[in-house]
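This is work_5.cif. It holds mmCIF, C-alpha atoms.
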data_query
#
loop_
_atom_site.label_atom_id
_atom_site.label_comp_id
_atom_site.auth_asym_id
_atom_site.auth_seq_id
_atom_site.Cartn_x
_atom_site.Cartn_y
_atom_site.Cartn_z
CA MET A 231 -4.46 42.11 -25.75
CA LYS A 232 -7.35 42.75 -23.36
CA ALA A 233 -9.27 39.84 -24.92
CA ARG A 234 -6.27 37.56 -24.36
CA LEU A 235 -6.02 38.60 -20.72
CA VAL A 236 -9.70 37.92 -20.24
CA GLN A 237 -9.32 34.53 -21.91
CA ALA A 238 -6.34 33.68 -19.70
CA GLY A 239 -8.27 34.76 -16.63
CA LEU A 240 -11.25 32.62 -17.61
CA PHE A 241 -8.97 29.66 -18.27
CA LEU A 242 -7.36 30.09 -14.84
CA ALA A 243 -10.74 30.33 -13.20
CA VAL A 244 -11.92 27.12 -14.88
CA CYS A 245 -8.77 25.30 -13.78
CA THR A 246 -9.20 26.48 -10.20
CA VAL A 247 -12.79 25.30 -10.08
CA ALA A 248 -11.83 21.96 -11.61
CA ALA A 249 -9.01 21.50 -9.10
CA ALA A 250 -11.27 22.33 -6.18
CA GLY A 251 -13.74 19.68 -7.35
CA GLU A 252 -10.98 17.05 -7.86
CA PRO A 253 -11.42 14.18 -5.38
CA ALA A 254 -8.95 14.15 -2.50
CA ARG A 255 -7.38 10.97 -3.97
CA THR A 256 -4.29 12.61 -5.44
CA ALA A 257 -3.58 14.36 -2.10
CA ARG A 258 -4.66 11.43 0.10
CA LYS A 259 -2.36 11.11 3.07
CA PRO A 260 -1.46 7.61 4.22
CA LEU A 261 -2.93 6.58 7.55
CA GLU A 262 -0.53 6.64 10.49
CA LEU A 263 -0.07 4.24 13.36
CA SER A 264 0.19 5.62 16.88
CA ALA A 265 3.71 6.51 18.06
CA GLU A 266 4.19 3.29 20.03
CA PHE A 267 3.25 1.04 17.14
CA ALA A 268 5.05 3.11 14.53
CA ALA A 269 8.19 2.69 16.64
CA ALA A 270 7.63 -1.08 16.87
CA ARG A 271 7.05 -1.24 13.11
CA ASP A 272 10.28 0.65 12.50
CA GLU A 273 12.16 -1.71 14.79
CA ILE A 274 10.77 -4.79 13.03
CA ALA A 275 11.50 -3.40 9.55
CA PRO A 276 14.52 -4.87 7.81
CA ARG A 277 17.58 -2.65 7.49
CA ALA A 278 19.11 -2.00 4.10
CA ALA A 279 22.18 -4.08 4.96
CA GLU A 280 19.92 -7.05 5.74
CA GLU A 281 18.26 -6.96 2.34
CA LEU A 282 21.07 -6.69 -0.19
CA TRP A 283 19.90 -10.11 -1.41
CA LYS A 284 16.81 -8.32 -2.73
CA LYS A 285 18.96 -6.66 -5.39
CA ILE A 286 19.12 -10.08 -7.02
CA PRO A 287 16.18 -10.68 -9.40
CA TRP A 288 15.14 -14.00 -7.84
CA LYS A 289 12.62 -16.09 -9.70
CA THR A 290 10.48 -18.24 -7.43
CA SER A 291 9.28 -20.35 -10.34
CA LEU A 292 11.99 -22.74 -11.53
CA LEU A 293 10.17 -23.17 -14.84
CA GLU A 294 10.10 -19.43 -15.45
CA ALA A 295 13.82 -19.36 -14.68
CA ARG A 296 14.30 -22.14 -17.21
CA GLN A 297 12.41 -20.22 -19.89
CA VAL A 298 14.53 -17.11 -19.38
CA ALA A 299 17.77 -19.12 -19.21
CA ALA A 300 16.99 -20.89 -22.49
CA ARG A 301 16.03 -17.65 -24.22
CA GLU A 302 19.01 -15.66 -22.99
CA GLY A 303 21.60 -18.45 -23.10
CA LYS A 304 22.48 -18.19 -19.38
CA PRO A 305 22.88 -20.82 -16.69
CA ILE A 306 20.38 -21.13 -13.85
CA PHE A 307 21.63 -20.49 -10.31
CA LEU A 308 19.28 -22.36 -8.02
CA TRP A 309 19.17 -21.86 -4.26
CA SER A 310 17.24 -24.72 -2.70
CA MET A 311 16.54 -25.02 1.02
CA ASP A 312 14.00 -26.96 3.08
CA GLY A 313 11.78 -24.00 3.84
CA HIS A 314 11.89 -21.23 1.29
CA PRO A 315 15.30 -19.52 1.33
CA LEU A 316 13.79 -16.07 0.77
CA CYS A 317 11.48 -16.40 3.73
CA LEU A 318 12.30 -18.19 6.92
CA GLY A 319 14.56 -16.52 9.41
CA MET E 263 18.65 -19.24 6.14
CA ALA E 264 18.61 -15.63 7.27
CA VAL E 265 22.33 -15.69 7.99
CA ASP E 266 22.92 -17.31 4.62
CA ARG E 267 20.85 -14.65 2.84
CA VAL E 268 22.74 -11.85 4.47
CA SER E 269 26.25 -13.28 4.34
CA ALA E 270 26.37 -15.13 1.04
CA PHE E 271 24.48 -12.57 -1.00
CA ASN E 272 25.91 -9.31 0.25
CA ASP E 273 29.05 -9.59 -1.84
CA PRO E 274 28.90 -7.03 -4.70
CA GLU E 275 30.54 -9.44 -7.14
CA VAL E 276 28.12 -12.25 -6.27
CA ILE E 277 25.23 -9.82 -6.70
CA ARG E 278 26.64 -8.63 -10.03
CA LEU E 279 27.07 -12.18 -11.32
CA LEU E 280 23.52 -13.09 -10.36
CA GLN E 281 22.15 -9.93 -11.96
CA THR E 282 23.99 -10.33 -15.25
CA GLU E 283 25.43 -13.81 -15.85
CA PHE E 284 22.90 -16.18 -14.29
CA VAL E 285 19.16 -16.54 -14.02
CA PRO E 286 18.76 -16.80 -10.24
CA ALA E 287 15.96 -18.87 -8.73
CA ALA E 288 15.08 -19.76 -5.16
CA VAL E 289 12.78 -22.63 -4.19
CA ASP E 290 11.61 -24.61 -1.23
CA GLY E 291 13.42 -27.87 -1.94
CA GLY E 292 11.41 -29.73 0.68
CA LEU E 293 8.29 -29.16 -1.40
CA MET E 294 9.97 -29.32 -4.80
CA ARG E 295 11.30 -32.85 -4.21
CA ARG E 296 7.70 -34.02 -3.79
CA ARG E 297 6.16 -32.03 -6.60
CA LYS E 298 4.71 -34.31 -9.28
CA ASP E 299 4.61 -31.85 -12.16
CA PRO E 300 7.03 -30.45 -14.79
CA GLU E 301 8.59 -28.13 -12.18
CA GLY E 302 9.37 -31.02 -9.83
CA ASP E 303 10.60 -33.14 -12.73
CA PHE E 304 12.99 -30.42 -13.85
CA TYR E 305 14.20 -29.82 -10.29
CA ARG E 306 15.02 -33.51 -9.81
CA ARG E 307 17.16 -33.57 -12.96
CA PHE E 308 19.96 -31.75 -11.17
CA ALA E 309 18.96 -31.06 -7.54
CA ASP E 310 17.99 -33.14 -4.55
CA THR E 311 18.93 -31.47 -1.28
CA GLN E 312 19.63 -28.15 0.39
CA ALA E 313 22.34 -26.55 -1.72
CA ARG E 314 23.20 -24.09 -4.42
CA TYR E 315 23.15 -25.48 -7.92
CA ALA E 316 24.20 -24.18 -11.28
CA ALA E 317 22.57 -25.85 -14.25
CA ALA E 318 21.84 -25.26 -17.91
CA ALA E 319 18.26 -24.85 -19.09
CA ASP E 320 18.31 -28.40 -20.46
CA GLY E 321 19.03 -29.72 -16.93
CA THR E 322 22.78 -30.31 -17.38
CA SER E 323 24.35 -29.97 -13.96
CA LEU E 324 27.27 -27.55 -13.80
CA ALA E 325 28.07 -27.37 -10.08
CA VAL E 326 26.72 -28.04 -6.60
CA LYS E 327 27.69 -26.29 -3.39
CA THR E 328 26.11 -27.09 -0.05
CA TRP E 329 27.24 -23.95 1.74
CA ALA E 330 29.75 -21.26 0.99
CA PRO E 331 30.56 -17.82 2.32
CA SER E 332 30.66 -15.24 -0.42
CA PRO E 333 34.35 -15.38 -1.52
CA HIS E 334 34.03 -19.11 -2.16
CA LEU E 335 30.63 -18.66 -3.76
CA ASN E 336 32.13 -16.08 -6.09
CA LYS E 337 34.84 -18.52 -7.25
CA TRP E 338 32.38 -21.40 -7.54
CA MET E 339 30.06 -19.34 -9.72
CA LYS E 340 32.86 -18.41 -12.11
CA GLU E 341 33.86 -22.07 -12.42
CA ALA E 342 30.25 -22.91 -13.24
CA LEU E 343 30.19 -20.18 -15.89
CA ALA E 344 33.32 -21.63 -17.50
CA ARG E 345 31.70 -25.09 -17.65
CA PHE E 346 28.55 -23.54 -19.10
CA ALA E 347 30.53 -21.79 -21.82
CA ALA E 348 32.00 -25.14 -22.86
CA LEU E 349 28.56 -26.72 -23.42
CA PRO E 350 27.13 -27.08 -26.92
CA ASN E 351 24.56 -24.49 -27.99
CA SER E 352 21.82 -27.10 -27.76
CA SER E 353 22.40 -27.21 -23.99
CA ARG E 354 22.95 -23.49 -23.50
CA LYS E 355 19.90 -22.42 -25.49
CA PRO E 356 17.65 -25.47 -25.69
CA ALA E 357 14.15 -25.41 -27.12
CA VAL E 358 11.85 -25.28 -24.09
CA ASP E 359 8.08 -25.55 -24.33
CA PRO E 360 6.68 -22.22 -23.07
CA ALA E 361 3.45 -24.01 -22.09
CA GLU E 362 5.18 -26.01 -19.36
CA VAL E 363 5.14 -23.00 -16.99
CA GLY E 364 1.36 -23.25 -16.87
CA LYS E 365 1.57 -26.92 -15.86
CA SER E 366 3.20 -26.23 -12.51
CA THR E 367 1.09 -27.21 -9.51
CA ARG E 368 2.63 -24.62 -7.21
CA PRO E 369 0.07 -22.97 -4.96
CA VAL E 370 -1.25 -19.63 -6.16
CA PRO E 371 -3.12 -16.92 -4.25
CA PRO E 372 -6.91 -17.18 -4.28
CA ALA E 373 -8.56 -15.23 -7.11
CA GLY E 374 -9.71 -11.81 -5.92
CA GLY E 375 -7.80 -12.35 -2.71
CA LEU E 376 -5.34 -10.21 -0.80
CA VAL E 377 -1.65 -10.96 -0.26
CA LEU E 378 0.15 -9.54 2.74
CA THR E 379 3.80 -9.73 3.70
CA VAL E 380 4.48 -10.34 7.39
CA THR E 381 7.92 -9.57 8.75
CA SER E 382 8.83 -10.86 12.19
CA ARG E 383 11.73 -10.05 14.43
CA LEU E 384 12.91 -10.61 17.98
CA LEU E 385 13.07 -7.08 19.32
CA LYS E 386 16.20 -5.28 20.42
CA GLY E 387 17.80 -6.41 23.61
CA HIS E 388 15.95 -9.72 23.64
CA GLU E 389 17.17 -11.51 20.60
CA VAL E 390 20.34 -12.98 22.02
CA ALA E 391 18.69 -14.11 25.19
CA SER E 392 16.03 -16.11 23.46
CA ALA E 393 17.29 -17.96 20.45
CA ALA E 394 19.38 -21.06 19.94
CA ASN E 395 20.93 -19.59 16.81
CA GLN E 396 22.16 -16.23 17.93
CA GLU E 397 23.09 -14.91 14.52
CA CYS E 398 19.69 -15.70 13.07
CA ALA E 399 18.09 -14.20 16.15
CA ARG E 400 19.14 -10.72 15.07
CA LEU E 401 17.62 -10.98 11.60
CA PRO E 402 14.06 -10.70 10.36
CA ALA E 403 11.98 -13.54 9.00
CA TYR E 404 9.41 -13.17 6.23
CA ASP E 405 6.15 -14.85 5.45
CA ARG E 406 3.05 -14.11 3.44
CA VAL E 407 -0.62 -14.15 4.28
CA TRP E 408 -3.11 -15.22 1.65
CA LEU E 409 -6.65 -14.04 2.28
CA THR E 410 -9.61 -14.97 0.12
CA ARG E 411 -11.96 -12.21 -1.03
CA ALA E 412 -14.48 -13.26 1.61
CA GLU E 413 -11.79 -13.11 4.29
CA TRP E 414 -10.40 -9.67 3.51
CA GLN E 415 -13.87 -8.22 3.19
CA ARG E 416 -14.38 -9.18 6.83
CA LEU E 417 -11.83 -6.52 7.72
CA LEU E 418 -14.26 -3.83 6.56
CA PRO E 419 -17.13 -2.19 8.49
CA ARG E 420 -20.69 -2.63 7.34
CA GLY E 421 -21.85 0.86 8.15
CA GLU E 422 -21.07 0.76 11.86
CA LYS E 423 -18.52 2.98 13.54
CA SER E 424 -17.12 0.26 15.78
CA PHE E 425 -17.09 -3.45 14.93
CA GLU E 426 -15.46 -6.74 15.86
CA VAL E 427 -13.42 -8.29 13.05
CA ASP E 428 -14.61 -11.81 12.29
CA ALA E 429 -13.16 -14.16 14.90
CA SER E 430 -12.24 -16.94 12.48
CA LEU E 431 -10.17 -14.53 10.39
CA VAL E 432 -8.34 -13.17 13.43
CA ARG E 433 -7.71 -16.70 14.66
CA LYS E 434 -6.13 -17.53 11.30
CA LEU E 435 -3.73 -14.59 11.62
CA VAL E 436 -2.76 -15.68 15.13
CA ARG E 437 -2.45 -19.43 14.52
CA PHE E 438 -0.53 -19.25 11.27
CA HIS E 439 1.26 -15.92 11.34
CA THR E 440 2.48 -15.28 14.87
CA ILE E 441 4.66 -18.36 14.84
CA ASP E 442 8.34 -17.90 15.48
CA ILE E 443 10.10 -18.78 12.22
CA ILE E 444 13.18 -16.82 13.17
CA GLY E 445 16.05 -19.23 12.65
CA ARG E 446 13.83 -22.30 12.56
CA THR E 447 10.77 -23.96 11.10
CA ARG E 448 7.62 -24.23 13.20
CA PRO E 449 4.13 -25.61 12.80
CA PRO E 450 1.14 -23.32 13.34
CA TRP E 451 -0.06 -22.87 16.90
CA PRO E 452 -2.56 -25.55 17.93
CA ASP E 453 -6.09 -24.20 18.22
CA ALA E 454 -6.18 -24.82 21.96
CA SER E 455 -3.07 -22.68 22.45
CA VAL E 456 -4.80 -19.52 21.24
CA LYS E 457 -6.07 -17.93 24.46
CA SER E 458 -7.31 -14.66 22.98
CA CYS E 459 -7.49 -13.22 19.50
CA SER E 460 -9.56 -10.07 19.46
CA LEU E 461 -9.47 -7.36 16.84
CA THR E 462 -11.80 -4.38 16.88
CA GLY E 463 -12.22 -1.90 14.05
CA GLU E 464 -13.11 1.76 14.36
CA THR E 465 -14.21 3.65 11.28
CA LEU E 466 -12.30 6.91 11.06
CA PRO E 467 -13.77 10.18 9.83
CA GLY E 468 -14.01 10.98 6.26
CA THR E 469 -11.67 10.54 3.44
CA ALA E 470 -13.74 11.08 0.32
CA GLY E 471 -14.14 7.89 -1.66
CA ALA E 472 -12.37 5.76 0.94
CA THR E 473 -13.16 3.93 4.16
CA ASP E 474 -10.44 4.31 6.77
CA VAL E 475 -10.28 1.98 9.74
CA ARG E 476 -8.14 1.77 12.85
CA LEU E 477 -7.72 -1.75 14.25
CA ARG E 478 -6.85 -2.63 17.83
CA GLY E 479 -6.65 -5.89 19.69
CA THR E 480 -4.79 -8.34 21.87
CA TRP E 481 -3.51 -11.74 20.87
CA ALA E 482 -2.37 -14.31 23.43
CA VAL E 483 -0.97 -17.76 22.88
CA GLU E 484 0.09 -20.24 25.52
CA GLY E 485 0.92 -23.89 25.30
CA ALA E 486 3.44 -26.57 24.62
CA SER E 487 5.56 -25.99 21.57
CA LYS E 488 6.75 -29.40 20.57
CA PRO E 489 7.29 -29.56 16.84
CA GLY E 490 7.52 -32.69 14.74
CA PRO E 491 10.78 -34.61 14.72
CA THR E 492 12.25 -32.68 11.81
CA LEU E 493 11.29 -29.24 12.93
CA GLY E 494 13.90 -28.04 15.35
CA PRO E 495 14.04 -27.69 19.11
CA ASP E 496 11.21 -28.18 21.55
CA ASP E 497 10.60 -24.84 23.21
CA GLY E 498 8.72 -26.27 26.13
CA ARG E 499 5.98 -23.95 27.39
CA VAL E 500 5.56 -20.92 25.17
CA LYS E 501 3.72 -17.73 26.04
CA LEU E 502 3.01 -14.89 23.68
CA ASP E 503 1.16 -11.69 24.65
CA LEU E 504 0.79 -9.29 21.79
CA ALA E 505 -0.70 -5.80 21.66
CA VAL E 506 -2.07 -5.12 18.20
CA GLU E 507 -2.75 -1.97 16.24
CA GLY E 508 -3.32 -1.38 12.57
CA VAL E 509 -4.66 0.98 9.95
CA LEU E 510 -6.52 0.08 6.81
CA ARG E 511 -7.84 2.05 3.83
CA TYR E 512 -10.42 0.67 1.42
CA GLU E 513 -11.02 2.60 -1.81
CA ALA E 514 -14.54 2.19 -3.07
CA ALA E 515 -13.86 3.05 -6.72
CA ALA E 516 -11.12 0.46 -7.01
CA GLN E 517 -12.90 -1.98 -4.65
CA GLN E 518 -9.53 -2.64 -3.08
CA ILE E 519 -7.69 -2.29 0.17
CA THR E 520 -4.94 0.15 -0.76
CA GLN E 521 -3.23 0.47 2.62
CA LEU E 522 -2.85 -2.01 5.43
CA ASP E 523 -0.33 -1.71 8.24
CA LEU E 524 -0.83 -3.99 11.23
CA VAL E 525 1.71 -4.37 14.02
CA ALA E 526 1.60 -6.93 16.81
CA HIS E 527 4.32 -6.84 19.47
CA GLY E 528 4.93 -7.87 23.03
CA PRO E 529 6.49 -10.33 25.47
CA TYR E 530 7.39 -13.80 24.30
CA VAL E 531 8.53 -16.55 26.63
CA LYS E 532 9.87 -19.86 25.41
CA ALA E 533 11.63 -22.57 27.34
CA GLY E 534 11.60 -20.24 30.32
CA ARG E 535 13.55 -17.51 28.53
CA PRO E 536 11.98 -14.08 28.15
CA ALA E 537 12.06 -12.20 24.89
CA ARG E 538 10.03 -9.63 22.96
CA ILE E 539 8.83 -10.24 19.46
CA GLY E 540 7.16 -8.15 16.78
CA PHE E 541 5.18 -8.86 13.61
CA HIS E 542 4.41 -6.32 10.89
CA PHE E 543 1.71 -7.12 8.33
CA ARG E 544 1.44 -4.98 5.20
CA LEU E 545 0.33 -5.24 1.59
CA ALA E 546 2.72 -7.35 -0.46
CA GLY E 547 4.65 -5.74 -3.28
CA SER E 548 5.90 -7.26 -6.49
CA GLU E 549 9.31 -8.50 -5.36
CA GLY E 550 10.19 -12.12 -5.99
CA ALA E 551 9.87 -13.08 -2.33
CA ASP E 552 6.35 -11.66 -2.24
CA GLY E 553 5.27 -14.39 -4.68
CA VAL E 554 6.23 -17.23 -2.34
CA PRO E 555 3.27 -19.06 -0.79
CA PRO E 556 2.70 -18.71 2.96
CA TRP E 557 4.84 -20.99 5.07
CA ALA E 558 1.62 -22.56 6.32
CA VAL E 559 0.41 -23.64 2.89
CA ASP E 560 1.21 -27.11 1.59
CA ARG E 561 2.90 -28.44 4.70
CA HIS E 562 1.01 -31.69 5.15
CA HIS E 563 4.14 -33.76 4.71
CA LEU E 564 5.61 -32.10 7.82
CA TYR E 565 2.59 -31.57 10.03
CA GLY E 566 0.42 -34.55 9.31
CA ASP E 567 -3.09 -33.65 10.42
CA TYR E 568 -2.88 -30.08 9.32
CA PRO E 569 -5.36 -27.34 10.10
CA THR E 570 -7.12 -25.73 7.15
CA TYR E 571 -5.48 -22.48 6.22
CA TYR E 572 -8.51 -20.64 4.88
CA ALA E 573 -10.88 -19.44 7.59
CA LYS E 574 -14.41 -20.72 7.29
#
For this file, produce the structure as structure tokens.
Amino acid sequence: MKARLVQAGLFLAVCTVAAAGEPARTARKPLELSAEFAAARDEIAPRAAEELWKKIPWKTSLLEARQVAAREGKPIFLWSMDGHPLCLG
Amino acid sequence: MAVDRVSAFNDPEVIRLLQTEFVPAAVDGGLMRRRKDPEGDFYRRFADTQARYAAAADGTSLAVKTWAPSPHLNKWMKEALARFAALPNSSRKPAVDPAEVGKSTRPVPPAGGLVLTVTSRLLKGHEVASAANQECARLPAYDRVWLTRAEWQRLLPRGEKSFEVDASLVRKLVRFHTIDIIGRTRPPWPDASVKSCSLTGETLPGTAGATDVRLRGTWAVEGASKPGPTLGPDDGRVKLDLAVEGVLRYEAAAQQITQLDLVAHGPYVKAGRPARIGFHFRLAGSEGADGVPPWAVDRHHLYGDYPTYYAK
């Protein structure tokens, strides 16, 4: 019993040392903008209601769409605009 | 387009049909009509203008709709599905050469490069006052930035605490990616219209294994904004004064920029009307729209003598 406790203690000690030496990568905090620019970023950011179209799995390669359509036996729905429809305002 | 995106594709039934019954694709028809490759050839078999199309994989046209709000789109899609179901199997599941995908001449990002998404928006309280299309004016526009390896490495310090980001790179961001594509198409700003484009980096103290940088600058554009004949209204004299701030993290082990957030915002005057506009640059994700080339790429047919996109 005492030997097992010692073993457990040693194991815990090894883990603690290993964790202390672990690079900060896993706990790396993202960099923050200043308050003014974070607010501007948040104002520019699209709202959820403006991006429901992103729930659709759009292919931007018509040939890739064709491959999938042929394999799965589905029709292609193509949205074509002058200027990419997923991009311009 | 923004209004179309939001209105036509916010219907749950339309979304469901596109998720489950169709293979949805979105393309720039203006470029596709001119493409001399298998992708352009396939496009021209059933499409030729701005519209929604339903087609089988062998190119059989099922339906065309130039514009439709979502209830009509819903009905139109179901009619197309019924026509598709009536096709022979050879049309519904044709043999298609998998190698043809590799023969497309669509632009691709430079190898080893960096792709950013840039979202732009007329800021609150100023959108209605400034845009011809008031509905579009309230919605964001999206573009992408493609940087070569040499370009994105110019965002990094070379041992100094404070440094000026390479002027040609900053000028590229200003000329090509602070254009107002909200509700319209625009050419890049002429070189002479860029009055200032500074960006200074400051190396931040220590994150182990990473280089963190704060970026600050000012970007100013002023000049005539008269697009080509097909590109929408002439905005007369345009003035843009942007304050810029960003953060960037470069991870040495991965040799990659793993965070980039850059915001430029400020007053924007066009045709004598004041507005405020904002641009947010960040690392692109893996969504479909993030794979679309920058608006600025491949636009020679619209802009004639076109400035080179990649900074020298």
Practice item. Starting from the displayed file, determine the output of the PyMOL selection byres ((chain E) within 6 of (chain A)) and express the residue list as a ChimeraX atom specification. Key: /E:263-264,268,271-272,281,284-292,301,312-319,354-356,363,383,402-405,443-445,550-551
Practice item. Work out how far CA of Arg420 in chain E is from CA of Leu435 in chain E, in Å to one decimal. Key: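 These atoms are spaced 21.2 Å apart.
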Exercise for review: With a distance cut-off of 8 Å and all atoms listed in the file, select the neighbouring residues of Pro371 in chain E, excluding the residue or stretch itself and same-chain residues fewer than 6 positions from it, and output the selection as a VMD selection string.
Suggested key: chain E and resid 377 408 to 409 555
Point to revise | Straight-line distance linking CA of Arg499 in chain E with CA of Asp428 in chain E, stated in Å to one decimal | key: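 Result for CA of Arg499 in chain E versus CA of Asp428 in chain E: 28.3 Å, one decimal.
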Point to revise | One-decimal distance in Å that lies between CA of Val380 in chain E and CA of Asp474 in chain E | key: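 Straight-line distance from CA of Asp474 in chain E to CA of Val380 in chain E works out to 20.9 Å.
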Point to revise | Picked residues, the PyMOL selection byres ((chain E and resi 385) around 10), as a PyMOL selection string | key: (chain A and resi 270+273-274) or (chain E and resi 382-384+386-390+399-402+527-529+537-541)
Would you pick out the contacts of range 545-549 of chain E at 7 Å or less, using all atoms listed in the file, so that residues sharing its chain but fewer than 2 positions from it are not included, and give the list as a tab-separated table (two decimals) with C-alpha atoms, in the coordinates of the input?
chain	number	residue	atom	x	y	z
E	377	VAL	CA	-1.65	-10.96	-0.26
E	378	LEU	CA	0.15	-9.54	2.74
E	379	THR	CA	3.80	-9.73	3.70
E	521	GLN	CA	-3.23	0.47	2.62
E	522	LEU	CA	-2.85	-2.01	5.43
E	551	ALA	CA	9.87	-13.08	-2.33
E	552	ASP	CA	6.35	-11.66	-2.24
**Study point:** Hits from the PyMOL selection byres ((chain E and resi 335) around 12), listed as a ChimeraX atom specification
**Key:** /A:307,309 /E:266,269-277,279-280,313-316,325-334,336-342
6 Å per side around range 337-348 of chain E: axis-aligned box centre and edge lengths, as lines of an AutoDock Vina configuration file:
center_x = 31.7
center_y = -21.8
center_z = -15.1
size_x = 18.3
size_y = 18.7
size_z = 27.6
Practice item. Excluding Arg511 in chain E and any residue of its chain fewer than 3 positions from it, enumerate the residues within 10 Å of it, using all atoms listed in the file, and give them as a PyMOL selection string. Key: (chain A and resi 260-261) or (chain E and resi 418+465-466+469+472-476+514+518-523)
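Of the residues listed (E:Gly374, E:Pro369, E:Gly485, E:Pro536), E:Pro369 shows the shortest atom-to-atom separation from Pro556 in chain E; distances use all atoms listed in the file.
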